[in-house]
Amino acid sequence: MTEPQPPRAGFWRRLGTVRARAAIVSVLAVGGALGATSVSVVLLLRGALYQNAGNTARSEAQIVASVVSTRGTRGLLHHPVPNAIEEMAVQLVGPDGTVLTSSRNIRGEPAMLPTMPVGQRTVVSGPVVLRVRRFTHINLNLDSRFVVAATGVLSPNFDGTVLVAYSLGAADHATELVLLVLSIAAPALAVLAGGLVWVLTGWALRPVEAVRAEVATLSAVDFSRRVPEPPVADEVGRLARTMNDLLGRLESASLRQRRLLSDVSHELRNPLAALRAQLEVMAEHPSQLTGPSLSGPLADVERMGRMVDDLLTLARIDEGMLRLRVSDVDIDELVLFHADRLRLQVPVEVSVRGVGAARVRGDEAQLSRAVANLAENAGRYARGKVEFSVEAHERWCTLTVRDDGPGIPEQERERVFERFVRLDEARPLEGSGAGLGLSIVKEIVTAHGGSVGVEGTGPGTVFVVRLPLAADFVYDAPEANSGTSSPGG
């Protein structure tokens with residue numbers, strides 16, 4: 001069984017680089033254009049020269065016809081044309097076709113053309129009628145190509161035909177000379193154009209080659225380098241800037257990945273070590289396995305499970321695999337539910353006095369997770385009180401979560417929504433998390449067409465979430481809900 005042969009490269013791919021293809025195309029295009037132009041020039045030039053020769057033959061035939069019609073053939077003795085011009089020949093032919101007289105250069109030659117019929121001759125008193133035959137090959141022992149003008153004359157002094165032949169040799173020589181020059185100049189110009197395109201293309205592609213060389217030196221773990229950007233804002237400049245933006249995003253992703261590995265390893269090391277120690281103690285003393293002794297390992301397992309769940313959620317968001325199951329969601333009910341949970345988990349005062357009715361279109365599970373993360377974050381840092389409020393406006397609803405904790409510095413309010421970011425104040429807190437909760441909140445709220453931020457200037461922290469209301473939700477003034485509740489109840 002024969003191995004399959006690789007596909008043959010196309011014609012253009014076999015030509016090599018872009019420079020070579022551009023040069024070849026320019027040579028063919030310029031050569032074709034110059035070739036067509038050269039043919040047109042030669043044809044127009046030859047037609048003009050032949051037309052000029054024909055006009056000269058007509059003019060001389062008129063002159064000779066006027067002379068012989070008034071003075072007869074003897075009048076030609078005083079006319080210089082038949083005796084002096086080498087490239088011209090004149091014959092006077094009788095009605096029977098015999099040559100009556102001719103210029104010196106064709107003396108003894110037969111008639112150049114058959115005799116013109118009598119009905120086509122010109123009466124002396126009338127206009128001279130000229131009939132020209134072009135490209136007539138006649139043997140005059142002077143040249144092989146002549147243009148002949150013939151006119152018939154009927155007068156008392158002469159009855160016959162006047163034939164005047166004018167040589168096309170000068171016209172043919174000029175045409176051949178121009179054709180020779182163009183046949184040399186056109187290929188030379190085409191090759192010159194190809195060379196210029198080769199040089200200019202190389203100059204234009206030099207920044208692209210610099211970008212390629214720089215990208216080729218990048219490693220899979222170091223994206224800190226940038227490609228050189230040309231000063232001109234052309235296509236290559238935009239390509240370089242786009243490449244640098246891509247490298248910037250890759251660098252940010254690489255930093256996040258390294259931070260992920262560092263934070264996850266740090267966050268998992270302590271719970272795993274504690275869990276391992278507790279399990280070793282239980283293995284040594286199985287008689288001490290009681291409910292209280294298992295609460296520590298269970299808390300560590302739950303914390304690690306939440307972290308793994310958060311990481312999987314962010315991974316699905318990054319890969320575009322997070323699908324929203326959209327339905328009508330009463331955001332006020334979610335807030336009340338997680339406020340009740342917070343009362344049971346944290347010994348702080350939880351207030352829902354400002355929670356009013358509001359309905360949005362979204363994924364109830366994801367929105368519930370966002371509210372839960374905000375509630376958990378507020379309960380973690382609050383000193384004694386957490387307040388929830390929900391207000392509906394004409395098109396938006398506003399969810400506010402306020403705590404009386406240490407607060408967030410203004411310069412850090414954007415950074416807290418980045419992944420694996422924990423402020424210095426948060427690190428000493430036990431169970432402070434891995435810095436993923438707020439980033440998940442931002443991703444979920446953004447996916448629902450809303451926004452989240454930190455506002456306020458007073459003590460504590462105020463998280464404000466804005467979400468678009470459902471289209472069928474009837475806006476009404478928010479009504480106060482249940483009052484302040486004490487810790488645990």
# chains A, B, ... in the order shown; residues from 1 in each chain; ligands from 1
>>> residues_around(residues="Ala470 of chain A", least_positions_apart="3", cutoff="10 Å", atoms="only C-alpha atoms", output="PyMOL selection string")
chain A and resi 327-330+358-362+395-397+467+473-474
>>> write_last_selection(atoms="N, CA and C atoms", output="CSV table (one decimal), in the first residue's frame")
chain,number,residue,atom,x,y,z
A,327,SER,N,-34.7,33.9,33.0
A,327,SER,CA,-36.1,33.8,33.5
A,327,SER,C,-36.3,35.1,34.3
A,328,ASP,N,-37.6,35.3,34.7
A,328,ASP,CA,-37.9,36.4,35.6
A,328,ASP,C,-37.4,36.1,37.0
A,329,VAL,N,-36.6,37.0,37.6
A,329,VAL,CA,-36.0,36.8,38.9
A,329,VAL,C,-36.4,37.9,39.8
A,330,ASP,N,-37.0,37.7,40.9
A,330,ASP,CA,-37.3,38.7,41.9
A,330,ASP,C,-36.0,38.9,42.8
A,358,ALA,N,-38.3,44.3,43.1
A,358,ALA,CA,-37.7,44.6,41.9
A,358,ALA,C,-37.5,43.2,41.2
A,359,ARG,N,-37.8,43.2,39.8
A,359,ARG,CA,-37.7,42.0,39.1
A,359,ARG,C,-36.8,42.2,37.9
A,360,VAL,N,-35.9,41.3,37.6
A,360,VAL,CA,-35.0,41.4,36.5
A,360,VAL,C,-35.1,40.1,35.7
A,361,ARG,N,-34.5,40.2,34.4
A,361,ARG,CA,-34.4,39.0,33.6
A,361,ARG,C,-33.0,38.5,33.7
A,362,GLY,N,-32.9,37.2,34.1
A,362,GLY,CA,-31.5,36.7,34.3
A,362,GLY,C,-31.6,35.3,34.7
A,395,ARG,N,-35.8,52.1,34.6
A,395,ARG,CA,-35.3,51.0,33.8
A,395,ARG,C,-34.3,50.1,34.5
A,396,TRP,N,-33.9,50.6,35.7
A,396,TRP,CA,-32.8,49.9,36.4
A,396,TRP,C,-33.2,49.6,37.8
A,397,CYS,N,-32.6,48.6,38.4
A,397,CYS,CA,-32.8,48.4,39.9
A,397,CYS,C,-31.4,48.5,40.5
A,467,LEU,N,-28.7,46.6,37.7
A,467,LEU,CA,-29.2,45.6,36.8
A,467,LEU,C,-30.4,46.1,36.1
A,473,PHE,N,-42.0,44.4,34.3
A,473,PHE,CA,-42.1,44.8,35.7
A,473,PHE,C,-42.6,46.3,35.8
A,474,VAL,N,-43.7,46.4,36.6
A,474,VAL,CA,-44.3,47.7,36.7
A,474,VAL,C,-43.6,48.5,37.9
>>> atom_distance(atom1="atom CA of Leu324 of chain A", atom2="atom CA of Ile444 of chain A")
9.4 Å
>>> residues_around(residues="Thr457 of chain A", least_positions_apart="6", cutoff="10 Å", atoms="only C-alpha atoms", output="CSV table (one decimal) with N, CA and C atoms, in the first residue's frame")
chain,number,residue,atom,x,y,z
A,407,GLY,N,-13.3,49.4,55.4
A,407,GLY,CA,-13.5,50.1,54.1
A,407,GLY,C,-12.4,49.8,53.1
A,408,ILE,N,-12.6,50.3,51.9
A,408,ILE,CA,-11.6,50.1,50.8
A,408,ILE,C,-11.1,51.4,50.4
A,409,PRO,N,-9.7,51.6,50.3
A,409,PRO,CA,-9.2,52.9,49.8
A,409,PRO,C,-9.7,53.1,48.4
A,410,GLU,N,-9.8,54.4,48.1
A,410,GLU,CA,-10.3,54.8,46.8
A,410,GLU,C,-9.5,54.3,45.7
>>> atom_distance(atom1="atom CA of Ala33 of chain A", atom2="atom CA of Gly195 of chain A")
16.8 Å
>>> residues_around(residues="segment 161-164 of chain A", least_positions_apart="4", cutoff="9 Å", atoms="only C-alpha atoms", output="PDB file with C-alpha atoms, in the first residue's frame")
ATOM      1  CA  ALA A  57       0.174  62.043 -53.619  1.00  0.00           C
ATOM      2  CA  ARG A  58      -3.257  63.671 -53.967  1.00  0.00           C
ATOM      3  CA  GLU A  60       0.813  66.380 -56.498  1.00  0.00           C
ATOM      4  CA  ALA A  61      -1.788  64.684 -58.693  1.00  0.00           C
ATOM      5  CA  GLN A  62      -3.899  67.847 -58.509  1.00  0.00           C
ATOM      6  CA  VAL A  64       0.011  67.764 -62.484  1.00  0.00           C
ATOM      7  CA  ALA A  65      -3.625  67.456 -63.602  1.00  0.00           C
ATOM      8  CA  VAL A  68      -1.624  69.136 -68.320  1.00  0.00           C
ATOM      9  CA  MET A  88       7.808  60.248 -56.102  1.00  0.00           C
ATOM     10  CA  ALA A  89       6.928  59.010 -59.597  1.00  0.00           C
ATOM     11  CA  VAL A  90       4.497  60.516 -62.161  1.00  0.00           C
ATOM     12  CA  GLN A  91       2.923  58.964 -65.253  1.00  0.00           C
ATOM     13  CA  LEU A  92       0.521  60.289 -67.863  1.00  0.00           C
ATOM     14  CA  VAL A  93      -1.488  57.447 -69.369  1.00  0.00           C
ATOM     15  CA  GLY A  94      -3.640  57.723 -72.453  1.00  0.00           C
ATOM     16  CA  PRO A  95      -7.180  56.388 -72.812  1.00  0.00           C
ATOM     17  CA  GLY A  97      -3.475  52.463 -71.457  1.00  0.00           C
ATOM     18  CA  ALA A 111       1.517  51.990 -66.441  1.00  0.00           C
ATOM     19  CA  MET A 112       1.405  51.777 -62.663  1.00  0.00           C
ATOM     20  CA  LEU A 113      -2.394  51.231 -62.659  1.00  0.00           C
ATOM     21  CA  THR A 115      -6.421  53.304 -67.146  1.00  0.00           C
ATOM     22  CA  MET A 116      -9.250  55.096 -65.418  1.00  0.00           C
ATOM     23  CA  PRO A 117     -12.610  54.837 -67.265  1.00  0.00           C
ATOM     24  CA  ARG A 121     -12.297  61.559 -65.664  1.00  0.00           C
ATOM     25  CA  VAL A 147       0.651  54.820 -52.419  1.00  0.00           C
ATOM     26  CA  VAL A 148      -0.813  55.849 -55.793  1.00  0.00           C
ATOM     27  CA  ALA A 149      -3.212  58.715 -56.544  1.00  0.00           C
ATOM     28  CA  ALA A 150      -5.032  58.612 -59.901  1.00  0.00           C
ATOM     29  CA  THR A 151      -7.184  61.286 -61.532  1.00  0.00           C
ATOM     30  CA  GLY A 152      -8.759  61.369 -64.967  1.00  0.00           C
ATOM     31  CA  VAL A 153      -8.452  64.506 -67.144  1.00  0.00           C
ATOM     32  CA  LEU A 154     -10.598  65.346 -70.204  1.00  0.00           C
TER      33      LEU A 154
END
>>> closest_residue(among="A:Leu312, A:Val401, A:Ile24, A:Ala53", to="Ser167 of chain A", atoms="only C-alpha atoms")
A:Ala53
>>> atom_distance(atom1="atom CA of His393 of chain A", atom2="atom CA of Val465 of chain A")
13.1 Å
>>> residues_around(residues="Gly460 of chain A", least_positions_apart="2", cutoff="10 Å", atoms="only C-alpha atoms", output="list in words")
Ala378, Tyr381, Ala382, Arg383, Lys385, Val386, Arg402, Asp403, Asp404, Gly405, Pro406, Gly407, Ile408, Gly456, Thr457, Gly458 and Val462 of chain A
>>> write_last_selection(atoms="N, CA and C atoms", output="PDB file, in the first residue's frame")
ATOM      1  N   ALA A 378     -19.404  41.124  52.873  1.00  0.00           N
ATOM      2  CA  ALA A 378     -19.788  42.127  53.878  1.00  0.00           C
ATOM      3  C   ALA A 378     -19.739  41.547  55.281  1.00  0.00           C
ATOM      4  N   TYR A 381     -16.078  41.321  56.804  1.00  0.00           N
ATOM      5  CA  TYR A 381     -15.337  42.501  57.228  1.00  0.00           C
ATOM      6  C   TYR A 381     -16.147  43.451  58.124  1.00  0.00           C
ATOM      7  N   ALA A 382     -17.436  43.188  58.275  1.00  0.00           N
ATOM      8  CA  ALA A 382     -18.258  44.082  59.092  1.00  0.00           C
ATOM      9  C   ALA A 382     -17.862  43.980  60.559  1.00  0.00           C
ATOM     10  N   ARG A 383     -17.877  45.132  61.257  1.00  0.00           N
ATOM     11  CA  ARG A 383     -17.591  45.142  62.683  1.00  0.00           C
ATOM     12  C   ARG A 383     -18.851  44.851  63.505  1.00  0.00           C
ATOM     13  N   LYS A 385     -22.445  45.641  61.745  1.00  0.00           N
ATOM     14  CA  LYS A 385     -23.702  45.839  61.044  1.00  0.00           C
ATOM     15  C   LYS A 385     -23.508  45.693  59.533  1.00  0.00           C
ATOM     16  N   VAL A 386     -24.516  45.075  58.892  1.00  0.00           N
ATOM     17  CA  VAL A 386     -24.590  44.943  57.425  1.00  0.00           C
ATOM     18  C   VAL A 386     -25.972  45.384  56.992  1.00  0.00           C
ATOM     19  N   ARG A 402     -24.020  47.343  52.310  1.00  0.00           N
ATOM     20  CA  ARG A 402     -23.164  48.251  53.087  1.00  0.00           C
ATOM     21  C   ARG A 402     -22.721  47.543  54.373  1.00  0.00           C
ATOM     22  N   ASP A 403     -21.455  47.711  54.712  1.00  0.00           N
ATOM     23  CA  ASP A 403     -20.948  47.209  55.982  1.00  0.00           C
ATOM     24  C   ASP A 403     -20.167  48.313  56.673  1.00  0.00           C
ATOM     25  N   ASP A 404     -19.937  48.163  57.969  1.00  0.00           N
ATOM     26  CA  ASP A 404     -19.212  49.160  58.757  1.00  0.00           C
ATOM     27  C   ASP A 404     -17.790  48.714  59.064  1.00  0.00           C
ATOM     28  N   GLY A 405     -17.197  47.980  58.115  1.00  0.00           N
ATOM     29  CA  GLY A 405     -15.846  47.477  58.300  1.00  0.00           C
ATOM     30  C   GLY A 405     -14.778  48.528  58.038  1.00  0.00           C
ATOM     31  N   PRO A 406     -13.535  48.104  57.826  1.00  0.00           N
ATOM     32  CA  PRO A 406     -12.430  49.045  57.624  1.00  0.00           C
ATOM     33  C   PRO A 406     -12.529  49.840  56.334  1.00  0.00           C
ATOM     34  N   GLY A 407     -13.348  49.411  55.383  1.00  0.00           N
ATOM     35  CA  GLY A 407     -13.487  50.141  54.136  1.00  0.00           C
ATOM     36  C   GLY A 407     -12.389  49.797  53.137  1.00  0.00           C
ATOM     37  N   ILE A 408     -12.565  50.327  51.928  1.00  0.00           N
ATOM     38  CA  ILE A 408     -11.611  50.083  50.839  1.00  0.00           C
ATOM     39  C   ILE A 408     -11.059  51.421  50.384  1.00  0.00           C
ATOM     40  N   GLY A 456     -19.399  55.662  47.744  1.00  0.00           N
ATOM     41  CA  GLY A 456     -19.466  56.211  49.090  1.00  0.00           C
ATOM     42  C   GLY A 456     -18.125  56.729  49.575  1.00  0.00           C
ATOM     43  N   THR A 457     -18.198  57.700  50.489  1.00  0.00           N
ATOM     44  CA  THR A 457     -16.993  58.315  51.047  1.00  0.00           C
ATOM     45  C   THR A 457     -16.888  58.144  52.546  1.00  0.00           C
ATOM     46  N   GLY A 458     -17.900  57.620  53.178  1.00  0.00           N
ATOM     47  CA  GLY A 458     -17.889  57.498  54.627  1.00  0.00           C
ATOM     48  C   GLY A 458     -17.156  56.247  55.073  1.00  0.00           C
ATOM     49  N   VAL A 462     -19.393  50.230  50.630  1.00  0.00           N
ATOM     50  CA  VAL A 462     -20.706  50.195  49.994  1.00  0.00           C
ATOM     51  C   VAL A 462     -20.529  49.624  48.590  1.00  0.00           C
TER      52      VAL A 462
END
>>> residues_around(residues="Val42 of chain A", least_positions_apart="4", cutoff="8 Å", atoms="only C-alpha atoms", output="list of chain:residue names")
A:Ser38, A:Arg46, A:Thr175, A:Val178, A:Leu179
>>> closest_residue(among="A:Leu314, A:Leu43, A:Ala23, A:Leu344", to="Ala174 of chain A", atoms="only C-alpha atoms")
A:Leu43
>>> residues_around(residues="Pro110 of chain A", least_positions_apart="4", cutoff="9 Å", atoms="only C-alpha atoms", output="list in words")
Thr98, Val99 and Ile106 of chain A
>>> closest_residue(among="A:Thr17, A:Val208, A:Arg269, A:Leu182", to="Leu239 of chain A", atoms="only C-alpha atoms")
A:Val208
